[in-house]
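Below you'll find the structure, written out as structure tokens, and then a few comments.
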Amino acid sequence: MDREPIVVVGAGPTGALLGIELARRGVGCRIIEKAPMPPAESRAGGVQSRSLELLARLGIVDELLSVGNRVKATNFYSDSKRIMRVAYGQLDGPFPFMLHVPQYETQRVLDRHLERLGVRVERGVELAGLSQHPGGVTLEARATDGTRHELSASYAVGCDGAHSAVRHQLQMPFTGQPYDWEWVGADVEVDWKYPESEVHLFISTTGVLACLPFGGGRWRLITPKVSSGFSDHGSPTLDDIRQLAAQRGPGSMNIDKPTWLGQFRASRRSAPHYRCGRIFLAGDAVHIHSPAAGQGMNTGLGDAANLGWKLGLVATGRAPENLLDTYEAERAPVAQGVIALTHAIMKVFDSTTPLRRVRDRLVPLVSSNRLVQRKLTSRFSQHWVSYRGGPLAQSRASSFGGGPAVQAGDRAPQVKNLRVGGVPTSLFDLISRPEHTVLVLDDGKPASPSKLTKRLAPYKGAVTVYRVGGSDVGDQSEAHVADPGGDLRQRYGMRPGWVCAIRPDGHVGYIGDAHGLHGYLSRCLLPGPEAFEPEPRTVANLERTPFSAVC
């Protein structure tokens, strides 16, 4: 019977990213997928700014940017009059936009990186049975030719979508409600006056029409609340799409050359748990919602990034097993927030609401407020995701003058204008490796062997330490980062002698005085030999564009 430390069921974007996060840490994994071929149709189309940051850490974002369309704003119209605009230009980071790209392109980029890391997706293999015992998990797999074989693993993760076989095997409920209507979608060529650098959502008494640009004159059109049975095949025709667009859109839409015509239903549901012993759920297998605001795939990618580093450390014996309990504690509130956001959008911009006139007067006033704009942009882009107050968010900061500008649990914001050895760099470049990063702000004392570095010696291989000072001259026992303008110090609200530990998923784990760092690391790590070998020196990571050069 074959044995791997981790078996991932489902090879969509969530499963692929999880496999990458495990493989780059030297953890053996197998990925099985029921579908014999990658999907040819485009499902999710929007890759949000936070997801682009996650992919950039892997050195693969440039490949995706080259085939996607950068969307700088989302516009909402009522009877063809714009009532709200959410602009991404104010985002704090290297990707102040949403990338609209067919999901099969995102899948292709992830699959190619998996192959470079030595992981091959086993397609045409279906999960037929699942059981677990104190030492691991046993999975029964069934190939398309009917043959069966067993897989044995330390852990298993279900990334197999809304109809998850893993969730069904666990007999775990998927509570919630379906929306009471059909949705219709099409990928088509549209000739009209609206810019393809922005999303346009039109609301009228006849219904809602969302128009998402792929670039090059091609758009995805999605409209909810339609009657079923457009054709004998259950999918709309091009004439159906033209008729709906004429009724619900702004007019003068010349629609042609479809590459996808589909009809689907949507629900808002979630499972009560993300973990059952040695089995985990991620992505659509544990939460689903309406397609409003393009959150679904991105939330799944966030799940994979969160679980990947934790599972990698536990599988290599470098973290306590209870670290895995923090996955549900951190990600369940995020999914609930996404479900609430997407449902609120559906309610506020419902074409049949009796409060339409009140909405059309209030929304422009409220949404024009700068604070509201920042919050909307943060929500849409998923920059809002924070684990403040969670089991791994720890700080030990003096109350004098207020707490740090960045708090434990927050997404670590980008800082440019840094140098290492005289070479320009950025914070995102420094934290792109798969281990924890600890920044130590120079306290101005004469250089000497760092007591902190000695205390961190048991975590060698799982923690990288940088000493941050104002010039390029630093303690030779540590990697030294020059922050000549004090940008990092100011952005993070750090004081001399403070430390900031940034997790492998790009969130701040600890910020404060050095004495509290050990307490945080002891929750995440066990002392021992190096946790994992460096990533293979592939063309992909040798030629990656540094964050400091992006956008």
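Simple scheme: letters A, B, ... for chains in structure tokens order, numbers from 1 for residues in each chain, numbers from 1 for ligands in the order shown.
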
Item to check | Surrounding residues of Gln263 of chain A excluding itself and chain neighbours under 6 positions, 8 Å, only C-alpha atoms, as a list in words | outcome: Glu182, Trp183, Val184, Gly185, Gly234, Ser235 and Pro236 of chain A

Item to check | Computed interatomic separation between atom CA of Gly519 of chain A and atom CA of Arg24 of chain A (Å) | outcome: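 Interatomic distance here is 26.5 Å.
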
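Atom to atom, atom CA of Ser290 of chain A and atom CA of Val7 of chain A stand 29.0 Å apart.
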
Next on the checklist: Under the rule that only C-alpha atoms are counted, which of A:Cys29, A:Ala292, A:Val286, A:Cys211 is the nearest residue to His168 of chain A?
Outcome noted: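 Ranked by minimum distance to His168 of chain A, first place goes to A:Val286.
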
Next on the checklist: Between atom CA of Ala514 of chain A and atom CA of Val465 of chain A, what is the distance in Å, rounded to a tenth?
Outcome noted: 12.5 Å

Contacts of segment 60-67 of chain A at 7 Å or less, counting only C-alpha atoms, minus same-chain residues fewer than 3 places along, as a JSON list (two decimals) with all heavy atoms, in the first residue's frame?
```json
[["chain", "number", "residue", "atom", "x", "y", "z"],
["A", 52, "LEU", "N", -2.87, 37.66, -5.56],
["A", 52, "LEU", "CA", -1.69, 37.94, -6.39],
["A", 52, "LEU", "C", -0.44, 38.01, -5.52],
["A", 52, "LEU", "O", 0.64, 37.56, -5.92],
["A", 52, "LEU", "CB", -1.89, 39.24, -7.16],
["A", 52, "LEU", "CG", -2.97, 39.20, -8.25],
["A", 52, "LEU", "CD1", -3.20, 40.59, -8.82],
["A", 52, "LEU", "CD2", -2.60, 38.22, -9.36],
["A", 55, "LEU", "N", 0.63, 34.47, -4.79],
["A", 55, "LEU", "CA", 1.27, 33.83, -5.95],
["A", 55, "LEU", "C", 2.63, 34.44, -6.23],
["A", 55, "LEU", "O", 3.54, 33.75, -6.70],
["A", 55, "LEU", "CB", 0.36, 33.96, -7.17],
["A", 55, "LEU", "CG", -1.01, 33.30, -7.06],
["A", 55, "LEU", "CD1", -1.80, 33.51, -8.33],
["A", 55, "LEU", "CD2", -0.88, 31.82, -6.74],
["A", 56, "ALA", "N", 2.79, 35.73, -5.94],
["A", 56, "ALA", "CA", 4.09, 36.38, -6.16],
["A", 56, "ALA", "C", 5.15, 35.80, -5.23],
["A", 56, "ALA", "O", 6.33, 35.71, -5.60],
["A", 56, "ALA", "CB", 3.97, 37.88, -5.98],
["A", 101, "VAL", "N", -8.95, 37.02, -15.32],
["A", 101, "VAL", "CA", -8.28, 36.00, -16.14],
["A", 101, "VAL", "C", -9.09, 34.72, -16.05],
["A", 101, "VAL", "O", -9.63, 34.38, -14.98],
["A", 101, "VAL", "CB", -6.83, 35.79, -15.63],
["A", 101, "VAL", "CG1", -6.81, 35.34, -14.18],
["A", 101, "VAL", "CG2", -6.08, 34.80, -16.49],
["A", 106, "THR", "N", -5.31, 30.38, -14.65],
["A", 106, "THR", "CA", -4.79, 30.30, -13.28],
["A", 106, "THR", "C", -4.41, 28.87, -12.95],
["A", 106, "THR", "O", -3.34, 28.60, -12.36],
["A", 106, "THR", "CB", -5.84, 30.81, -12.28],
["A", 106, "THR", "OG1", -6.24, 32.14, -12.64],
["A", 106, "THR", "CG2", -5.31, 30.81, -10.86],
["A", 109, "VAL", "N", -1.10, 27.85, -14.69],
["A", 109, "VAL", "CA", 0.09, 28.39, -14.03],
["A", 109, "VAL", "C", 0.41, 27.61, -12.76],
["A", 109, "VAL", "O", 1.58, 27.26, -12.50],
["A", 109, "VAL", "CB", -0.12, 29.89, -13.71],
["A", 109, "VAL", "CG1", 0.99, 30.42, -12.81],
["A", 109, "VAL", "CG2", -0.19, 30.70, -15.00]]
```

Checklist entry - Please, which residues of segment 45-137 of chain A, numbered as in this document, come out strand (DSSP E or B) from DSSP, as a PyMOL selection string? => result chain A and resi 46-47+69-71+73-78+81-87+98-100+121-123+125-133+136-137

Item to check | Contacts of Ala141 of chain A within 7 Å, only C-alpha atoms, excl. fewer than 6 positions in-chain, as an NGL selection string | outcome: :A and (125-128 or 148-150)
